[in-house]
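First up is the structure itself, then whatever we jot down about it.
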Amino acid sequence: MEITNRGLIDDLLKRTAASTEKVKNFERLTIDELRYKKGDEWNILQCLEHLNLYGDFYLVEIEKQIMSHQHLPGSRIFRSGLIGNYFANLMEVKDGKVKKMKAPKDKNPKNSNLTVTTISRFLRQQEQLVFLLDKCLDIDLTKVKTSLSLTRLIKLRLGDTLRFYTYHIERHIWQAERIWKEQKLNAPASHYHN
């Protein structure tokens, strides 16, 4: 993949804004609706907490790399790396489908007792992501590298990390919306007003 820095950042900002708006709709739901789950699947809050746990790592890592390369502008063209492009494409929702994956133990909120503060935390992380994406416009997204949450042995190009992270958010917002739609289908018709 080859794209201008501006083209990549604009696309990621658009995706981030869409994810943010979708999650703001969840603020209207009751705690029971947010905790609704079918079988062993995650509920809406668990999907968001999973993203919060990833944000705790990636937002710090991205900011660290941006700040240490802030005054070193380079190429205005981003060229995706082989591994980074693979990971980003693995996360992306394509044609309403995702590849199933198992969450790492430290990023699995399965047994967490979550509240609506999970949504607030997610929305704050989205604001931080927008701030960081804006800062990336003057950085060489190909040369600057970031660590992965799974291992520090592999480093991805910053542009690939931004793609992976943003697509990962979209993936679990899609999952949360699917849970909400399923819940509405299974509820009595008079139960929902929105």
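Here's how to read the names in the structure tokens: chain A, B, ... by the order shown, residue numbers from 1 in each chain, ligand numbers from 1 in the order shown.
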Set out as JSON lines a contact list for region 60-102 of chain A and region 112-133 of chain A with a cut-off of 9 Å, giving each residue of region 60-102 of chain A that qualifies its closest atom pair and distance in Å to one decimal, counting only C-alpha atoms, ordered by chain and rising residue number.
```
{"residue": "A:Ile62", "atom": "CA", "partner": "A:Leu132", "partner_atom": "CA", "distance": 7.6}
{"residue": "A:Glu63", "atom": "CA", "partner": "A:Leu132", "partner_atom": "CA", "distance": 6.6}
{"residue": "A:Ile66", "atom": "CA", "partner": "A:Leu132", "partner_atom": "CA", "distance": 7.8}
```
*Asn111 (chain A) environment, 12 Å, only C-alpha atoms, sequence neighbours closer than 6 positions dropped, as number ranges by chain*: A: 35, 40-43, 45-46, 49-50, 105
What parts of chain A does DSSP call strand (DSSP E)? I'd like the answer as a PDB file with N, CA and C atoms, in the first residue's frame.
```pdb
ATOM      1  N   GLU A   2       0.536   2.195  -0.825  1.00  0.00           N
ATOM      2  CA  GLU A   2       1.256   3.455  -0.881  1.00  0.00           C
ATOM      3  C   GLU A   2       0.223   4.567  -0.939  1.00  0.00           C
ATOM      4  N   ILE A   3       0.357   5.563  -0.061  1.00  0.00           N
ATOM      5  CA  ILE A   3      -0.626   6.640   0.043  1.00  0.00           C
ATOM      6  C   ILE A   3       0.070   7.868   0.619  1.00  0.00           C
ATOM      7  N   THR A   4      -0.440   9.041   0.336  1.00  0.00           N
ATOM      8  CA  THR A   4       0.142  10.237   0.953  1.00  0.00           C
ATOM      9  C   THR A   4      -0.162  10.219   2.445  1.00  0.00           C
ATOM     10  N   ILE A  77       4.952  10.507   1.716  1.00  0.00           N
ATOM     11  CA  ILE A  77       4.302   9.304   1.192  1.00  0.00           C
ATOM     12  C   ILE A  77       4.509   8.175   2.196  1.00  0.00           C
ATOM     13  N   PHE A  78       3.412   7.489   2.535  1.00  0.00           N
ATOM     14  CA  PHE A  78       3.511   6.339   3.418  1.00  0.00           C
ATOM     15  C   PHE A  78       3.531   5.064   2.580  1.00  0.00           C
ATOM     16  N   ARG A  79       4.495   4.206   2.882  1.00  0.00           N
ATOM     17  CA  ARG A  79       4.592   2.895   2.245  1.00  0.00           C
ATOM     18  C   ARG A  79       4.451   1.838   3.330  1.00  0.00           C
ATOM     19  N   LYS A 145       8.982   3.940  13.732  1.00  0.00           N
ATOM     20  CA  LYS A 145       8.494   2.591  14.080  1.00  0.00           C
ATOM     21  C   LYS A 145       7.900   2.578  15.495  1.00  0.00           C
ATOM     22  N   THR A 146       6.977   1.653  15.712  1.00  0.00           N
ATOM     23  CA  THR A 146       6.375   1.473  17.034  1.00  0.00           C
ATOM     24  C   THR A 146       6.442  -0.002  17.427  1.00  0.00           C
ATOM     25  N   SER A 147       6.434  -0.227  18.726  1.00  0.00           N
ATOM     26  CA  SER A 147       6.376  -1.597  19.247  1.00  0.00           C
ATOM     27  C   SER A 147       4.955  -2.122  19.140  1.00  0.00           C
ATOM     28  N   LYS A 155       8.709  -4.500  15.289  1.00  0.00           N
ATOM     29  CA  LYS A 155       8.285  -3.095  15.242  1.00  0.00           C
ATOM     30  C   LYS A 155       7.578  -2.868  13.914  1.00  0.00           C
ATOM     31  N   LEU A 156       6.499  -2.084  13.968  1.00  0.00           N
ATOM     32  CA  LEU A 156       5.744  -1.741  12.771  1.00  0.00           C
ATOM     33  C   LEU A 156       5.976  -0.281  12.415  1.00  0.00           C
ATOM     34  N   ARG A 157       5.826   0.018  11.145  1.00  0.00           N
ATOM     35  CA  ARG A 157       5.856   1.406  10.709  1.00  0.00           C
ATOM     36  C   ARG A 157       4.689   2.126  11.369  1.00  0.00           C
TER      37      ARG A 157
END
```
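Between Ser68 (chain A) and the residues A:Cys136, A:Leu48, A:Ile9, A:Ile31, the shortest atom-to-atom distance, using only C-alpha atoms, involves A:Cys136.
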_Can you tell me which residues surround Leu8 (chain A) at a distance of at most 12 Å, considering only C-alpha atoms, apart from same-chain residues fewer than 6 positions away, and format the answer as a count of residues only?_
22
*For Lys184 (chain A), which residue out of A:Leu13, A:Ser75, A:Leu29, A:Met91 is the nearest one, using only C-alpha atoms?*
A:Leu29
_Between CA of Lys94 (chain A) and CA of Tyr167 (chain A) - distance in Å to one decimal_ = 10.5 Å
*Nearest to Leu12 (chain A): which of A:Glu177, A:Leu150, A:Asn186, A:Phe164 is it, counting only C-alpha atoms?*
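Result for the nearest residue to Leu12 (chain A): A:Phe164.
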*Measuring atom to atom with only C-alpha atoms, identify which of A:Leu53, A:Gln183, A:Ile173, A:Gly96 is nearest to Lys24 (chain A).*
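Going through A:Leu53, A:Gln183, A:Ile173, A:Gly96 one by one, the smallest distance to Lys24 (chain A) is for A:Ile173.
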*How many Å separate CA of Lys107 (chain A) from CA of Ala176 (chain A)?*
16.3 Å
*Check the smallest atom-to-atom distance from each of A:Asp140, A:Glu21, A:Glu182, A:Asp95 to Lys38 (chain A) using only C-alpha atoms, then report the winner.*
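Answer, going by the shortest atom-to-atom distance: A:Glu182.
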